[in-house]
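S.K.: start-v4.cif is reproduced in full below (mmCIF, C-alpha atoms).
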data_query
loop_
_atom_site.label_atom_id
_atom_site.label_comp_id
_atom_site.auth_asym_id
_atom_site.auth_seq_id
_atom_site.Cartn_x
_atom_site.Cartn_y
_atom_site.Cartn_z
CA MET F 1 4.07 -2.21 -6.76
CA GLY F 2 4.61 -4.19 -3.56
CA ASN F 3 6.38 -7.53 -3.40
CA LYS F 4 6.20 -10.56 -5.72
CA ILE F 5 3.03 -10.82 -7.80
CA ALA F 6 3.91 -12.78 -10.93
CA ARG F 7 6.90 -13.58 -13.08
CA THR F 8 7.81 -11.76 -16.28
CA THR F 9 10.28 -12.57 -19.03
CA GLN F 10 11.97 -9.16 -19.47
CA VAL F 11 15.03 -10.13 -17.44
CA SER F 12 17.66 -9.07 -19.95
CA ALA F 13 16.23 -5.57 -20.46
CA SER F 14 15.82 -4.99 -16.74
CA GLU F 15 19.30 -6.29 -16.05
CA TYR F 16 20.68 -3.86 -18.59
CA TYR F 17 19.01 -0.92 -16.87
CA LEU F 18 20.09 -2.15 -13.44
CA HIS F 19 23.70 -2.07 -14.56
CA ASP F 20 23.29 1.67 -15.14
CA LEU F 21 23.23 2.17 -11.36
CA PRO F 22 26.46 3.37 -9.74
CA SER F 23 28.69 0.54 -8.55
CA MET F 24 28.46 1.79 -4.96
CA TYR F 25 24.98 0.24 -4.71
CA ASN F 26 26.57 -3.20 -5.23
CA LEU F 27 23.31 -4.82 -6.36
CA VAL F 28 23.02 -8.21 -8.03
CA LEU F 29 19.83 -9.02 -9.93
CA LYS F 30 18.02 -12.01 -8.45
CA GLU F 31 14.53 -11.94 -9.93
CA VAL F 32 12.15 -9.72 -11.87
CA LEU F 33 8.81 -9.34 -10.08
CA GLY F 34 5.37 -8.29 -11.20
CA ARG F 35 3.95 -7.22 -14.53
CA GLY F 36 3.59 -3.48 -13.94
CA ARG F 37 3.95 -1.16 -16.90
CA PHE F 38 4.77 2.06 -15.02
CA PHE F 39 7.47 0.45 -12.89
CA LYS F 40 9.40 -2.78 -13.25
CA SER F 41 10.00 -4.33 -9.83
CA ILE F 42 13.26 -6.19 -9.35
CA GLN F 43 14.49 -8.21 -6.39
CA CYS F 44 18.22 -7.74 -5.87
CA LYS F 45 20.90 -9.09 -3.57
CA HIS F 46 22.89 -6.64 -1.49
CA ASP F 47 25.61 -7.12 1.12
CA GLU F 48 23.07 -6.29 3.84
CA GLY F 49 20.20 -8.41 2.49
CA LEU F 50 17.53 -8.39 -0.20
CA VAL F 51 16.45 -5.12 -1.79
CA LEU F 52 13.43 -4.24 -3.90
CA VAL F 53 14.27 -1.95 -6.82
CA LYS F 54 11.56 -0.24 -8.84
CA VAL F 55 12.74 0.91 -12.24
CA TYR F 56 11.08 3.58 -14.35
CA PHE F 57 12.30 3.29 -17.92
CA LYS F 58 12.67 6.65 -19.63
CA ARG F 59 10.88 6.69 -22.94
CA GLY F 60 13.05 8.87 -25.15
CA HIS F 61 11.69 12.30 -24.18
CA PHE F 62 12.99 14.72 -21.58
CA LEU F 63 11.16 14.52 -18.28
CA ASP F 64 12.06 16.63 -15.26
CA LEU F 65 11.83 14.34 -12.24
CA SER F 66 13.26 16.81 -9.70
CA HIS F 67 9.81 17.60 -8.24
CA TYR F 68 9.19 13.92 -7.52
CA GLU F 69 12.65 13.52 -6.03
CA ARG F 70 12.01 16.42 -3.65
CA ARG F 71 8.71 14.89 -2.61
CA LEU F 72 10.34 11.52 -1.93
CA SER F 73 12.91 13.28 0.25
CA GLN F 74 10.18 15.13 2.12
CA ILE F 75 8.22 11.95 2.80
CA LYS F 76 11.31 10.11 4.03
CA GLU F 77 12.27 12.99 6.32
CA ILE F 78 8.72 13.39 7.64
CA PHE F 79 8.43 9.70 8.52
CA THR F 80 11.73 9.65 10.44
CA SER F 81 10.00 11.68 13.17
CA ILE F 82 7.39 8.95 13.77
CA HIS F 83 8.12 6.76 16.76
CA HIS F 84 7.52 3.05 16.08
CA PRO F 85 6.22 3.69 12.54
CA HIS F 86 3.89 1.50 10.52
CA VAL F 87 4.93 3.36 7.37
CA TRP F 88 7.89 2.41 5.20
CA PRO F 89 9.09 5.03 2.68
CA PHE F 90 11.50 4.46 -0.15
CA GLN F 91 14.99 4.60 1.33
CA PHE F 92 17.08 5.53 -1.71
CA TRP F 93 16.49 6.80 -5.22
CA GLN F 94 18.71 7.46 -8.18
CA GLU F 95 18.17 8.98 -11.63
CA THR F 96 20.37 8.19 -14.61
CA ASP F 97 20.17 9.03 -18.30
CA LYS F 98 18.24 5.85 -19.01
CA ALA F 99 16.06 5.26 -15.96
CA ALA F 100 14.96 6.30 -12.49
CA TYR F 101 15.29 3.91 -9.55
CA LEU F 102 13.50 3.60 -6.22
CA LEU F 103 14.97 1.30 -3.57
CA ARG F 104 13.73 -0.11 -0.29
CA GLN F 105 14.22 -3.22 1.81
CA TYR F 106 12.56 -6.33 0.42
CA PHE F 107 9.82 -7.94 2.52
CA PHE F 108 9.04 -11.60 1.99
CA HIS F 109 5.29 -11.19 2.45
CA ASN F 110 2.73 -8.63 1.50
CA LEU F 111 -0.90 -9.00 2.49
CA HIS F 112 -1.83 -10.53 -0.87
CA ASP F 113 0.78 -13.27 -0.37
CA ARG F 114 -0.01 -13.79 3.30
CA LEU F 115 -3.71 -14.46 2.67
CA SER F 116 -2.80 -17.54 0.63
CA THR F 117 -0.01 -18.81 2.88
CA ARG F 118 -0.37 -21.41 5.62
CA PRO F 119 -1.04 -21.17 8.48
CA PHE F 120 -4.04 -19.10 7.45
CA LEU F 121 -4.89 -16.04 9.50
CA SER F 122 -7.32 -16.40 12.38
CA LEU F 123 -10.11 -13.88 12.98
CA VAL F 124 -8.22 -12.04 15.71
CA GLU F 125 -5.07 -11.90 13.52
CA LYS F 126 -7.11 -10.33 10.72
CA LYS F 127 -8.47 -7.76 13.15
CA TRP F 128 -4.95 -7.09 14.39
CA LEU F 129 -3.74 -6.43 10.83
CA ALA F 130 -6.75 -4.22 10.06
CA PHE F 131 -6.05 -2.27 13.25
CA GLN F 132 -2.40 -1.76 12.29
CA LEU F 133 -3.36 -0.66 8.77
CA LEU F 134 -5.57 2.06 10.24
CA VAL F 135 -2.73 3.08 12.56
CA ALA F 136 -0.40 3.31 9.54
CA VAL F 137 -2.84 5.52 7.64
CA LYS F 138 -3.38 7.62 10.78
CA GLN F 139 0.38 8.12 11.14
CA SER F 140 0.83 9.23 7.53
CA HIS F 141 -2.25 11.47 7.43
CA GLU F 142 -1.24 13.20 10.67
CA LYS F 143 2.00 14.15 8.90
CA GLY F 144 0.13 15.46 5.87
CA VAL F 145 1.09 12.55 3.60
CA CYS F 146 -1.50 10.64 1.59
CA HIS F 147 -0.56 7.32 0.02
CA GLY F 148 -2.48 7.31 -3.25
CA ASP F 149 -2.24 3.61 -4.09
CA ILE F 150 -3.18 1.52 -1.05
CA LYS F 151 -3.67 -2.09 -2.09
CA CYS F 152 -2.88 -5.52 -0.65
CA GLU F 153 0.45 -5.65 -2.49
CA ASN F 154 1.60 -2.47 -0.72
CA VAL F 155 0.71 -3.72 2.77
CA LEU F 156 3.82 -5.53 4.03
CA ILE F 157 3.72 -8.15 6.78
CA THR F 158 6.59 -9.44 8.90
CA SER F 159 6.80 -12.94 10.38
CA SER F 160 5.58 -11.43 13.68
CA ASN F 161 2.45 -10.00 11.98
CA TRP F 162 3.78 -6.46 12.31
CA LEU F 163 2.42 -4.38 9.44
CA TYR F 164 4.01 -1.66 7.30
CA LEU F 165 2.36 0.47 4.64
CA ALA F 166 4.85 1.00 1.82
CA ASP F 167 5.32 2.35 -1.71
CA PHE F 168 3.75 5.77 -1.22
CA ALA F 169 2.67 6.85 -4.70
CA SER F 170 3.35 10.59 -4.70
CA PHE F 171 4.32 10.31 -8.38
CA LYS F 172 1.04 8.84 -9.64
CA PRO F 173 -1.91 10.92 -10.87
CA THR F 174 -4.68 11.78 -8.44
CA TYR F 175 -7.41 11.70 -11.09
CA ILE F 176 -7.74 9.46 -14.14
CA PRO F 177 -10.44 9.27 -16.87
CA TYR F 178 -13.08 6.62 -16.26
CA ASP F 179 -13.84 6.25 -19.98
CA ASP F 180 -10.22 5.47 -20.90
CA PRO F 181 -8.86 2.44 -18.99
CA SER F 182 -5.35 2.85 -20.38
CA ASP F 183 -4.31 5.24 -17.58
CA PHE F 184 -5.58 2.84 -14.94
CA SER F 185 -3.77 -0.08 -16.58
CA PHE F 186 -0.53 1.86 -16.84
CA PHE F 187 -0.37 3.36 -13.35
CA PHE F 188 -2.44 1.14 -11.05
CA ASP F 189 -2.99 -2.34 -12.48
CA THR F 190 0.29 -3.70 -11.14
CA GLY F 191 -0.51 -7.41 -11.21
CA GLY F 192 -2.69 -7.43 -14.30
CA ARG F 193 -5.66 -8.62 -12.21
CA ARG F 194 -7.87 -5.58 -13.03
CA LEU F 195 -8.57 -5.08 -9.32
CA CYS F 196 -9.43 -1.55 -8.30
CA TYR F 197 -8.88 0.08 -4.91
CA LEU F 198 -9.21 3.67 -6.14
CA ALA F 199 -11.95 5.86 -4.69
CA PRO F 200 -14.79 6.57 -7.18
CA GLU F 201 -14.18 10.33 -7.00
CA ARG F 202 -10.73 9.82 -8.52
CA PHE F 203 -12.33 9.02 -11.90
CA TYR F 204 -13.52 11.80 -14.17
CA GLU F 205 -15.19 11.97 -17.57
CA HIS F 206 -13.29 13.26 -20.58
CA GLY F 207 -14.91 16.51 -21.67
CA GLY F 208 -17.17 16.59 -18.61
CA GLU F 209 -17.99 19.63 -16.52
CA MET F 210 -15.48 18.71 -13.82
CA GLN F 211 -11.90 18.81 -15.05
CA PHE F 212 -8.90 18.06 -12.83
CA ALA F 213 -5.17 18.42 -13.06
CA GLN F 214 -3.47 15.05 -12.68
CA ASP F 215 -1.15 16.43 -9.99
CA THR F 216 -3.97 17.75 -7.79
CA PRO F 217 -3.12 16.81 -4.18
CA LEU F 218 -4.65 13.65 -2.80
CA LYS F 219 -7.29 13.84 -0.08
CA PRO F 220 -7.26 11.61 3.03
CA TYR F 221 -10.76 10.30 2.29
CA MET F 222 -9.42 8.82 -0.95
CA ASP F 223 -7.05 6.64 1.05
CA ILE F 224 -9.87 5.66 3.42
CA PHE F 225 -11.86 4.16 0.55
CA ALA F 226 -8.84 2.06 -0.44
CA VAL F 227 -8.37 0.96 3.18
CA GLY F 228 -11.99 -0.26 3.17
CA CYS F 229 -11.30 -2.32 0.04
CA VAL F 230 -8.17 -3.86 1.56
CA ILE F 231 -9.91 -4.70 4.85
CA ALA F 232 -12.78 -6.26 2.90
CA GLU F 233 -10.33 -8.43 0.93
CA LEU F 234 -8.64 -9.40 4.20
CA PHE F 235 -11.91 -10.70 5.70
CA LEU F 236 -13.12 -12.19 2.41
CA GLU F 237 -10.16 -14.60 2.37
CA GLY F 238 -8.44 -12.81 -0.51
CA GLN F 239 -11.51 -12.23 -2.68
CA PRO F 240 -11.38 -8.65 -4.03
CA LEU F 241 -14.23 -6.26 -3.38
CA PHE F 242 -14.04 -4.47 -6.75
CA GLU F 243 -12.73 -5.11 -10.19
CA LEU F 244 -12.38 -2.01 -12.35
CA SER F 245 -15.68 -2.55 -14.17
CA GLN F 246 -17.51 -3.11 -10.86
CA LEU F 247 -15.98 0.01 -9.30
CA LEU F 248 -17.08 2.14 -12.25
CA ALA F 249 -20.58 0.63 -12.05
CA TYR F 250 -20.60 1.34 -8.30
CA ARG F 251 -19.65 4.94 -9.09
CA ARG F 252 -22.73 5.19 -11.32
CA GLY F 253 -24.98 3.54 -8.71
CA GLN F 254 -25.35 0.37 -10.77
CA TYR F 255 -23.49 -2.06 -8.51
CA ASP F 256 -24.03 -2.96 -4.86
CA PRO F 257 -21.15 -4.64 -2.97
CA CYS F 258 -23.37 -5.43 0.05
CA GLN F 259 -24.18 -8.92 -1.21
CA HIS F 260 -20.48 -9.69 -1.47
CA LEU F 261 -19.84 -8.33 2.01
CA GLU F 262 -22.56 -10.56 3.48
CA LYS F 263 -19.97 -13.34 3.38
CA ILE F 264 -18.26 -11.59 6.33
CA PRO F 265 -20.01 -12.92 9.46
CA ASP F 266 -18.92 -10.07 11.76
CA LEU F 267 -21.58 -7.32 11.56
CA GLY F 268 -19.26 -4.66 13.01
CA ILE F 269 -16.64 -5.26 10.33
CA ARG F 270 -19.26 -5.11 7.58
CA LYS F 271 -20.59 -1.79 8.90
CA MET F 272 -17.10 -0.30 9.13
CA ILE F 273 -16.22 -1.35 5.57
CA LEU F 274 -19.50 0.01 4.17
CA HIS F 275 -18.87 3.32 5.92
CA MET F 276 -15.36 3.50 4.45
CA ILE F 277 -16.47 2.80 0.87
CA GLN F 278 -19.55 5.04 0.77
CA LEU F 279 -19.81 7.17 -2.36
CA GLU F 280 -19.95 10.48 -0.47
CA PRO F 281 -16.26 11.09 0.28
CA GLU F 282 -16.77 13.84 2.85
CA SER F 283 -18.85 11.45 4.98
CA ARG F 284 -15.99 9.02 5.46
CA PHE F 285 -14.22 9.26 8.80
CA SER F 286 -10.53 9.81 9.35
CA ALA F 287 -8.41 6.77 10.22
CA GLU F 288 -8.13 8.03 13.79
CA ARG F 289 -11.89 8.28 14.16
CA TYR F 290 -12.41 4.74 12.83
CA LEU F 291 -9.97 3.52 15.48
CA GLU F 292 -12.00 5.37 18.12
CA GLU F 293 -15.51 4.54 16.87
CA TYR F 294 -14.84 0.84 16.37
CA ALA F 295 -12.51 0.29 19.34
CA ALA F 296 -14.94 -2.02 21.12
CA VAL F 297 -17.17 -2.91 18.16
CA VAL F 298 -14.52 -4.42 15.85
CA PHE F 299 -11.18 -4.21 17.61
CA PRO F 300 -10.67 -5.81 21.04
CA THR F 301 -9.99 -3.21 23.72
CA TYR F 302 -6.63 -4.78 24.57
CA PHE F 303 -5.26 -3.91 21.10
CA SER F 304 -4.63 -0.34 22.26
CA PRO F 305 -2.72 0.62 24.20
CA PHE F 306 -1.57 -2.67 25.76
CA LEU F 307 -0.89 -5.01 22.82
CA HIS F 308 0.33 -2.34 20.43
CA ASP F 309 2.68 -0.83 23.01
CA PHE F 310 3.99 -4.28 23.90
CA TYR F 311 4.61 -5.18 20.24
CA ARG F 312 6.37 -1.94 19.37
CA CYS F 313 8.82 -2.45 22.24
CA TRP F 314 9.20 -6.16 21.51
CA ILE F 315 9.72 -6.02 17.72
CA PRO F 316 13.18 -4.30 17.70
CA LEU F 317 14.66 -6.84 20.17
CA HIS F 318 16.64 -9.88 19.14
CA ALA F 319 15.25 -13.33 19.93
CA ASP F 320 16.83 -13.82 23.37
CA MET F 321 15.76 -10.41 24.61
CA ARG F 322 12.22 -11.05 23.36
CA VAL F 323 12.02 -14.16 25.51
CA TYR F 324 13.54 -12.37 28.50
CA GLY F 325 11.26 -9.33 28.11
CA SER F 326 8.13 -11.45 27.77
CA ALA F 327 9.07 -13.43 30.90
CA GLU F 328 9.61 -10.21 32.85
CA ILE F 329 6.25 -8.75 31.85
CA PHE F 330 4.13 -11.88 32.24
#
Would you write the structure of this file as structure tokens?
M.R.:
Amino acid sequence: MGNKIARTTQVSASEYYLHDLPSMYNLVLKEVLGRGRFFKSIQCKHDEGLVLVKVYFKRGHFLDLSHYERRLSQIKEIFTSIHHPHVWPFQFWQETDKAAYLLRQYFFHNLHDRLSTRPFLSLVEKKWLAFQLLVAVKQSHEKGVCHGDIKCENVLITSSNWLYLADFASFKPTYIPYDDPSDFSFFFDTGGRRLCYLAPERFYEHGGEMQFAQDTPLKPYMDIFAVGCVIAELFLEGQPLFELSQLLAYRRGQYDPCQHLEKIPDLGIRKMILHMIQLEPESRFSAERYLEEYAAVVFPTYFSPFLHDFYRCWIPLHADMRVYGSAEIF
């Protein structure tokens, strides 16, 4: 999920399924994105701009998707009450006989793309993005919504470095077997890179003592682990903290990411990441508490409330009003 990851060759099949959408959507296929197996991501042209369409191909058997549709509606409605949100839900969805579609505005950069794009991010810009990511998770958790698939591809960045957390994965399983990588590959390995941002407690052993229903509700501390992985990748210049095999070894106590994190010169950031990715889930803080505990240790004190309040008032303005408003304030 997220924005562009890699090209695929299944244009004709995806175009066929896209044509099954009602004509009122007025979408024109521009490009097929990513290599995900669960969803096919398609960039489309619309009268009002570019749109990202995620297509779930039905596989010949009846599947009742009404529960997932209700949950998507709930999430969208819940997030409309957030003032100046850092969360971006799916805006439309449609089910047909052949497929199910999720639609949202297309963003030109996600965090994965931005880390490899010039001009490269400065230290304070990285801290600003990490701060906003925690604010996004705080906003969603305060409304009782967990994401379930936080990764760099789902962290969207505007040209003004304003951050949105998108593609909330209420339709993906909470728990997957650790001894059968097919579920991970199908649901979570979007780019085929075998990177893993899932909390260790989300893996279970087939036939083990602890058995879980796949639709068990997500817990906020599961998202916090993923946030730690994303922030680590942000400060490691795009190098991932865990591949799937390393995450499973870490779960068993056979892998230590500390050596990798030593490449981050800022001690406060390293400590915050290590606290977020600790194996004991109940010991992880909430997003709000991380913002409080590390306000002066990691994040400059002017981030909140001054800079964040200024940005959230400045972002909706058109260019001339931004210049005028900045001149009035400063």
S.K.: Taking into account only C-alpha atoms, which residue in the set F:Leu163, F:Val145, F:Cys258, F:Val230 is nearest to Tyr311 in chain F?
M.R.: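 Between F:Leu163, F:Val145, F:Cys258, F:Val230, the residue approaching Tyr311 in chain F most closely is F:Leu163.
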S.K.: Running the PyMOL selection byres ((chain F and resi 243) around 7) on this model by hand, what would come out? Give it as a list in words.
M.R.: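 Applied to this file, the PyMOL selection byres ((chain F and resi 243) around 7) selects Arg194, Leu195, Cys196, Phe242, Leu244, Ser245, Gln246 and Leu247 of chain F.
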S.K.: Check the smallest atom-to-atom distance from each of F:Val137, F:Val51, F:Ile150, F:Leu63 to Leu103 in chain F using all atoms listed in the file, then report the winner.
M.R.: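 Checking each of F:Val137, F:Val51, F:Ile150, F:Leu63 against Leu103 in chain F, counting all atoms listed in the file, the winner is F:Val51.
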S.K.: Using only C-alpha atoms, which of F:Met222, F:Leu165, F:Leu248, F:Leu129 sits nearest Asp180 in chain F?
M.R.: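 So, comparing all the options, the nearest one is F:Leu248.
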S.K.: How big is the axis-aligned box, and where does its centre sit, when it encloses all atoms of range 278-283 of chain F listed in the file and has 3 Å added on every side, reported in Å to one decimal as JSON?
M.R.:
{"center_x": -18.1, "center_y": 9.4, "center_z": 1.3, "size_x": 9.7, "size_y": 14.8, "size_z": 13.3}
S.K.: Tell me which residues the PyMOL selection byres ((chain F and resi 60) around 12) grabs here, as a ChimeraX atom specification.
M.R.: /F:57-59,61-63,97-99
S.K.: Please write as a PDB file with C-alpha atoms, in the coordinates of the input the full residue list that the PyMOL selection byres ((chain F and resi 87-90) around 8) yields on this file.
M.R.:
ATOM      1  CA  LEU F  72      10.340  11.520  -1.930  1.00  0.00           C
ATOM      2  CA  ILE F  75       8.220  11.950   2.800  1.00  0.00           C
ATOM      3  CA  LYS F  76      11.310  10.110   4.030  1.00  0.00           C
ATOM      4  CA  PHE F  79       8.430   9.700   8.520  1.00  0.00           C
ATOM      5  CA  PRO F  85       6.220   3.690  12.540  1.00  0.00           C
ATOM      6  CA  HIS F  86       3.890   1.500  10.520  1.00  0.00           C
ATOM      7  CA  GLN F  91      14.990   4.600   1.330  1.00  0.00           C
ATOM      8  CA  PHE F  92      17.080   5.530  -1.710  1.00  0.00           C
ATOM      9  CA  TRP F  93      16.490   6.800  -5.220  1.00  0.00           C
ATOM     10  CA  LEU F 102      13.500   3.600  -6.220  1.00  0.00           C
ATOM     11  CA  LEU F 103      14.970   1.300  -3.570  1.00  0.00           C
ATOM     12  CA  ARG F 104      13.730  -0.110  -0.290  1.00  0.00           C
ATOM     13  CA  ALA F 136      -0.400   3.310   9.540  1.00  0.00           C
ATOM     14  CA  GLN F 139       0.380   8.120  11.140  1.00  0.00           C
ATOM     15  CA  SER F 140       0.830   9.230   7.530  1.00  0.00           C
ATOM     16  CA  TYR F 164       4.010  -1.660   7.300  1.00  0.00           C
ATOM     17  CA  LEU F 165       2.360   0.470   4.640  1.00  0.00           C
ATOM     18  CA  ALA F 166       4.850   1.000   1.820  1.00  0.00           C
ATOM     19  CA  ASP F 167       5.320   2.350  -1.710  1.00  0.00           C
ATOM     20  CA  PHE F 168       3.750   5.770  -1.220  1.00  0.00           C
TER      21      PHE F 168
END
S.K.: So what do you get for CA of Gly144 in chain F versus CA of Ser66 in chain F, distance-wise?
M.R.: 20.4 Å
S.K.: Can you tell me, as a JSON list (two decimals) with C-alpha atoms, in the frame of the given file, which residues sit within 12 Å of (-5.5, -7.3, 22.8) in the file's frame, using all atoms listed in the file?
M.R.:
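In the end it all went to out-v2.json:
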[["chain", "number", "residue", "atom", "x", "y", "z"],
["F", 124, "VAL", "CA", -8.22, -12.04, 15.71],
["F", 125, "GLU", "CA", -5.07, -11.90, 13.52],
["F", 127, "LYS", "CA", -8.47, -7.76, 13.15],
["F", 128, "TRP", "CA", -4.95, -7.09, 14.39],
["F", 131, "PHE", "CA", -6.05, -2.27, 13.25],
["F", 295, "ALA", "CA", -12.51, 0.29, 19.34],
["F", 296, "ALA", "CA", -14.94, -2.02, 21.12],
["F", 298, "VAL", "CA", -14.52, -4.42, 15.85],
["F", 299, "PHE", "CA", -11.18, -4.21, 17.61],
["F", 300, "PRO", "CA", -10.67, -5.81, 21.04],
["F", 301, "THR", "CA", -9.99, -3.21, 23.72],
["F", 302, "TYR", "CA", -6.63, -4.78, 24.57],
["F", 303, "PHE", "CA", -5.26, -3.91, 21.10],
["F", 304, "SER", "CA", -4.63, -0.34, 22.26],
["F", 305, "PRO", "CA", -2.72, 0.62, 24.20],
["F", 306, "PHE", "CA", -1.57, -2.67, 25.76],
["F", 307, "LEU", "CA", -0.89, -5.01, 22.82],
["F", 308, "HIS", "CA", 0.33, -2.34, 20.43],
["F", 309, "ASP", "CA", 2.68, -0.83, 23.01],
["F", 310, "PHE", "CA", 3.99, -4.28, 23.90],
["F", 311, "TYR", "CA", 4.61, -5.18, 20.24]]
S.K.: Show me the residues close to (-15.0, -11.5, -3.2) - anything with an atom within 12 Å, counting all atoms listed in the file - and format the list as a PDB file with C-alpha atoms, keeping the file's coordinate frame.
M.R.:
ATOM      1  CA  LEU F 195      -8.570  -5.080  -9.320  1.00  0.00           C
ATOM      2  CA  CYS F 229     -11.300  -2.320   0.040  1.00  0.00           C
ATOM      3  CA  VAL F 230      -8.170  -3.860   1.560  1.00  0.00           C
ATOM      4  CA  ILE F 231      -9.910  -4.700   4.850  1.00  0.00           C
ATOM      5  CA  ALA F 232     -12.780  -6.260   2.900  1.00  0.00           C
ATOM      6  CA  GLU F 233     -10.330  -8.430   0.930  1.00  0.00           C
ATOM      7  CA  LEU F 234      -8.640  -9.400   4.200  1.00  0.00           C
ATOM      8  CA  PHE F 235     -11.910 -10.700   5.700  1.00  0.00           C
ATOM      9  CA  LEU F 236     -13.120 -12.190   2.410  1.00  0.00           C
ATOM     10  CA  GLU F 237     -10.160 -14.600   2.370  1.00  0.00           C
ATOM     11  CA  GLY F 238      -8.440 -12.810  -0.510  1.00  0.00           C
ATOM     12  CA  GLN F 239     -11.510 -12.230  -2.680  1.00  0.00           C
ATOM     13  CA  PRO F 240     -11.380  -8.650  -4.030  1.00  0.00           C
ATOM     14  CA  LEU F 241     -14.230  -6.260  -3.380  1.00  0.00           C
ATOM     15  CA  PHE F 242     -14.040  -4.470  -6.750  1.00  0.00           C
ATOM     16  CA  GLU F 243     -12.730  -5.110 -10.190  1.00  0.00           C
ATOM     17  CA  GLN F 246     -17.510  -3.110 -10.860  1.00  0.00           C
ATOM     18  CA  PRO F 257     -21.150  -4.640  -2.970  1.00  0.00           C
ATOM     19  CA  CYS F 258     -23.370  -5.430   0.050  1.00  0.00           C
ATOM     20  CA  GLN F 259     -24.180  -8.920  -1.210  1.00  0.00           C
ATOM     21  CA  HIS F 260     -20.480  -9.690  -1.470  1.00  0.00           C
ATOM     22  CA  LEU F 261     -19.840  -8.330   2.010  1.00  0.00           C
ATOM     23  CA  GLU F 262     -22.560 -10.560   3.480  1.00  0.00           C
ATOM     24  CA  LYS F 263     -19.970 -13.340   3.380  1.00  0.00           C
ATOM     25  CA  ILE F 264     -18.260 -11.590   6.330  1.00  0.00           C
TER      26      ILE F 264
END
S.K.: Interatomic distance between CA of Gly325 in chain F and CA of His84 in chain F?
M.R.: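 Atom-to-atom, CA of Gly325 in chain F to CA of His84 in chain F, that is 17.7 Å.
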S.K.: Find the residues near Arg252 in chain F: any atom within 12 Å, counting all atoms listed in the file, skip ones fewer than 6 places away on the same chain, and give them as a PDB file with C-alpha atoms, in the coordinates of the input.
M.R.:
ATOM      1  CA  TYR F 178     -13.080   6.620 -16.260  1.00  0.00           C
ATOM      2  CA  PRO F 200     -14.790   6.570  -7.180  1.00  0.00           C
ATOM      3  CA  GLU F 201     -14.180  10.330  -7.000  1.00  0.00           C
ATOM      4  CA  PHE F 203     -12.330   9.020 -11.900  1.00  0.00           C
ATOM      5  CA  TYR F 204     -13.520  11.800 -14.170  1.00  0.00           C
ATOM      6  CA  GLU F 205     -15.190  11.970 -17.570  1.00  0.00           C
ATOM      7  CA  SER F 245     -15.680  -2.550 -14.170  1.00  0.00           C
ATOM      8  CA  GLN F 246     -17.510  -3.110 -10.860  1.00  0.00           C
ATOM      9  CA  LEU F 279     -19.810   7.170  -2.360  1.00  0.00           C
TER      10      LEU F 279
END
